[in-house]
Amino acid sequence: MIPNDLPSGVTALSRWDQQDAKAKFSEVVRRARSEGPQLVTTRGGKPVVVLSVEDYVALTEHRPASFHDLLLPGDDFEPVRAEEPAGHEPFSL
(Lines give C-alpha, C1' and ligand atoms only; values in the text may rest on other atoms or scores of the structure.)
Protein backbone atom coordinates (compact mmCIF):
# COMPACT_ATOMS: atom_id res chain seq x y z
CA MET A 1 0.00 0.00 0.00
CA ILE A 2 1.35 3.42 -0.94
CA PRO A 3 1.23 6.06 1.81
CA ASN A 4 -0.96 9.08 1.05
CA ASP A 5 1.86 11.58 1.59
CA LEU A 6 3.74 10.63 -1.60
CA PRO A 7 3.53 12.75 -4.76
CA SER A 8 0.81 11.82 -7.23
CA GLY A 9 3.38 10.98 -9.94
CA VAL A 10 4.43 7.95 -7.90
CA THR A 11 1.11 6.25 -8.53
CA ALA A 12 2.01 5.91 -12.23
CA LEU A 13 5.07 3.75 -11.44
CA SER A 14 4.99 -0.03 -11.74
CA ARG A 15 4.55 -1.42 -8.23
CA TRP A 16 6.17 -4.40 -6.56
CA ASP A 17 5.58 -5.82 -3.12
CA GLN A 18 8.92 -6.29 -1.34
CA GLN A 19 8.55 -10.09 -1.28
CA ASP A 20 7.81 -10.23 -5.03
CA ALA A 21 10.66 -7.81 -5.79
CA LYS A 22 13.03 -9.95 -3.76
CA ALA A 23 11.96 -13.14 -5.53
CA LYS A 24 12.06 -11.49 -8.98
CA PHE A 25 14.91 -9.02 -8.53
CA SER A 26 16.28 -9.63 -12.04
CA GLU A 27 12.86 -8.75 -13.47
CA VAL A 28 12.67 -5.57 -11.36
CA VAL A 29 16.10 -4.52 -12.67
CA ARG A 30 15.21 -5.39 -16.28
CA ARG A 31 12.02 -3.33 -16.08
CA ALA A 32 13.81 -0.41 -14.42
CA ARG A 33 16.15 -0.35 -17.42
CA SER A 34 13.48 -0.81 -20.09
CA GLU A 35 10.29 0.72 -18.66
CA GLY A 36 11.51 3.22 -16.09
CA PRO A 37 11.54 3.48 -12.30
CA GLN A 38 9.94 0.67 -10.28
CA LEU A 39 8.23 1.27 -6.93
CA VAL A 40 8.87 -1.34 -4.23
CA THR A 41 6.56 -1.23 -1.23
CA THR A 42 7.39 -2.65 2.16
CA ARG A 43 4.99 -3.69 4.89
CA GLY A 44 4.74 -0.77 7.26
CA GLY A 45 7.71 1.06 5.75
CA LYS A 46 8.13 3.78 3.20
CA PRO A 47 8.42 2.59 -0.39
CA VAL A 48 11.62 2.85 -2.42
CA VAL A 49 12.25 3.36 -6.11
CA VAL A 50 14.59 1.22 -8.21
CA LEU A 51 15.86 3.08 -11.25
CA SER A 52 18.46 2.69 -13.96
CA VAL A 53 21.79 4.47 -13.71
CA GLU A 54 20.78 6.59 -16.73
CA ASP A 55 17.68 7.81 -14.89
CA TYR A 56 19.73 8.48 -11.76
CA VAL A 57 22.31 10.50 -13.69
CA ALA A 58 19.56 12.49 -15.42
CA LEU A 59 18.11 13.38 -12.01
CA THR A 60 21.41 14.34 -10.40
CA GLU A 61 23.85 15.59 -13.05
CA HIS A 62 22.84 19.28 -12.84
CA ARG A 63 22.30 19.32 -9.09
CA PRO A 64 24.15 22.16 -7.39
CA ALA A 65 27.14 21.07 -5.31
CA SER A 66 26.17 23.35 -2.43
CA PHE A 67 23.44 25.71 -1.22
CA HIS A 68 25.73 28.59 -2.23
CA ASP A 69 25.84 27.29 -5.81
CA LEU A 70 22.05 27.08 -5.81
CA LEU A 71 21.84 30.78 -4.95
CA LEU A 72 24.32 31.92 -7.61
CA PRO A 73 22.45 33.37 -10.56
CA GLY A 74 23.16 32.16 -14.07
CA ASP A 75 24.03 34.36 -17.04
CA ASP A 76 20.36 34.89 -17.84
CA PHE A 77 19.41 36.16 -14.36
CA GLU A 78 17.33 39.32 -14.51
CA PRO A 79 16.06 40.80 -11.23
CA VAL A 80 12.41 41.80 -11.36
CA ARG A 81 11.10 44.90 -9.63
CA ALA A 82 7.53 45.30 -8.47
CA GLU A 83 5.54 47.62 -10.70
CA GLU A 84 3.43 48.89 -7.80
CA PRO A 85 4.41 49.55 -4.20
CA ALA A 86 3.48 46.97 -1.61
CA GLY A 87 0.01 47.41 -0.11
CA HIS A 88 1.35 47.28 3.45
CA GLU A 89 3.84 49.03 5.69
CA PRO A 90 7.36 47.64 5.84
CA PHE A 91 8.16 45.46 8.80
CA SER A 92 9.87 47.19 11.67
CA LEU A 93 12.26 45.57 14.10
# chains A, B, ... in the order shown; residues from 1 in each chain; ligands from 1
$ select_by_dssp --residues "chain A" --states "strand (DSSP E)" --output "PDB file with N, CA and C atoms, in the first residue's frame"
ATOM      1  N   SER A  14       5.280   1.391 -11.933  1.00  0.00           N
ATOM      2  CA  SER A  14       4.988  -0.026 -11.737  1.00  0.00           C
ATOM      3  C   SER A  14       5.287  -0.364 -10.286  1.00  0.00           C
ATOM      4  N   ARG A  15       4.399  -1.129  -9.657  1.00  0.00           N
ATOM      5  CA  ARG A  15       4.550  -1.422  -8.227  1.00  0.00           C
ATOM      6  C   ARG A  15       4.923  -2.874  -7.990  1.00  0.00           C
ATOM      7  N   TRP A  16       5.764  -3.066  -6.992  1.00  0.00           N
ATOM      8  CA  TRP A  16       6.171  -4.400  -6.564  1.00  0.00           C
ATOM      9  C   TRP A  16       6.061  -4.467  -5.052  1.00  0.00           C
ATOM     10  N   ASP A  17       5.518  -5.543  -4.537  1.00  0.00           N
ATOM     11  CA  ASP A  17       5.581  -5.819  -3.121  1.00  0.00           C
ATOM     12  C   ASP A  17       7.013  -6.264  -2.829  1.00  0.00           C
ATOM     13  N   GLN A  38      10.841   1.677 -10.851  1.00  0.00           N
ATOM     14  CA  GLN A  38       9.943   0.673 -10.283  1.00  0.00           C
ATOM     15  C   GLN A  38       9.772   0.969  -8.792  1.00  0.00           C
ATOM     16  N   LEU A  39       8.535   0.994  -8.324  1.00  0.00           N
ATOM     17  CA  LEU A  39       8.230   1.273  -6.933  1.00  0.00           C
ATOM     18  C   LEU A  39       8.142  -0.040  -6.159  1.00  0.00           C
ATOM     19  N   VAL A  40       8.898  -0.148  -5.077  1.00  0.00           N
ATOM     20  CA  VAL A  40       8.875  -1.342  -4.233  1.00  0.00           C
ATOM     21  C   VAL A  40       8.313  -0.930  -2.884  1.00  0.00           C
ATOM     22  N   THR A  41       7.203  -1.551  -2.499  1.00  0.00           N
ATOM     23  CA  THR A  41       6.563  -1.229  -1.232  1.00  0.00           C
ATOM     24  C   THR A  41       6.942  -2.251  -0.169  1.00  0.00           C
ATOM     25  N   VAL A  48      10.393   2.414  -1.760  1.00  0.00           N
ATOM     26  CA  VAL A  48      11.622   2.851  -2.416  1.00  0.00           C
ATOM     27  C   VAL A  48      11.429   2.746  -3.919  1.00  0.00           C
ATOM     28  N   VAL A  49      12.302   3.403  -4.649  1.00  0.00           N
ATOM     29  CA  VAL A  49      12.246   3.365  -6.110  1.00  0.00           C
ATOM     30  C   VAL A  49      13.546   2.777  -6.630  1.00  0.00           C
ATOM     31  N   VAL A  50      13.434   1.801  -7.534  1.00  0.00           N
ATOM     32  CA  VAL A  50      14.588   1.220  -8.209  1.00  0.00           C
ATOM     33  C   VAL A  50      14.623   1.846  -9.595  1.00  0.00           C
TER      34      VAL A  50
END
$ select_by_dssp --residues "chain A" --states "alpha helix (DSSP H)" --output "MDAnalysis selection string"
chainID A and resid 18:23 25:34 53:60 67:71
$ residues_around --residues "region 18-21 of chain A" --least-positions-apart "5" --cutoff "9 Å" --atoms "only C-alpha atoms" --output "list in words"
Ser26, Glu27, Val28, Val40, Thr41, Thr42, Arg43 and Pro47 of chain A
$ atom_distance --atom1 "CA of Lys24 (chain A)" --atom2 "CA of Thr60 (chain A)"
27.5 Å
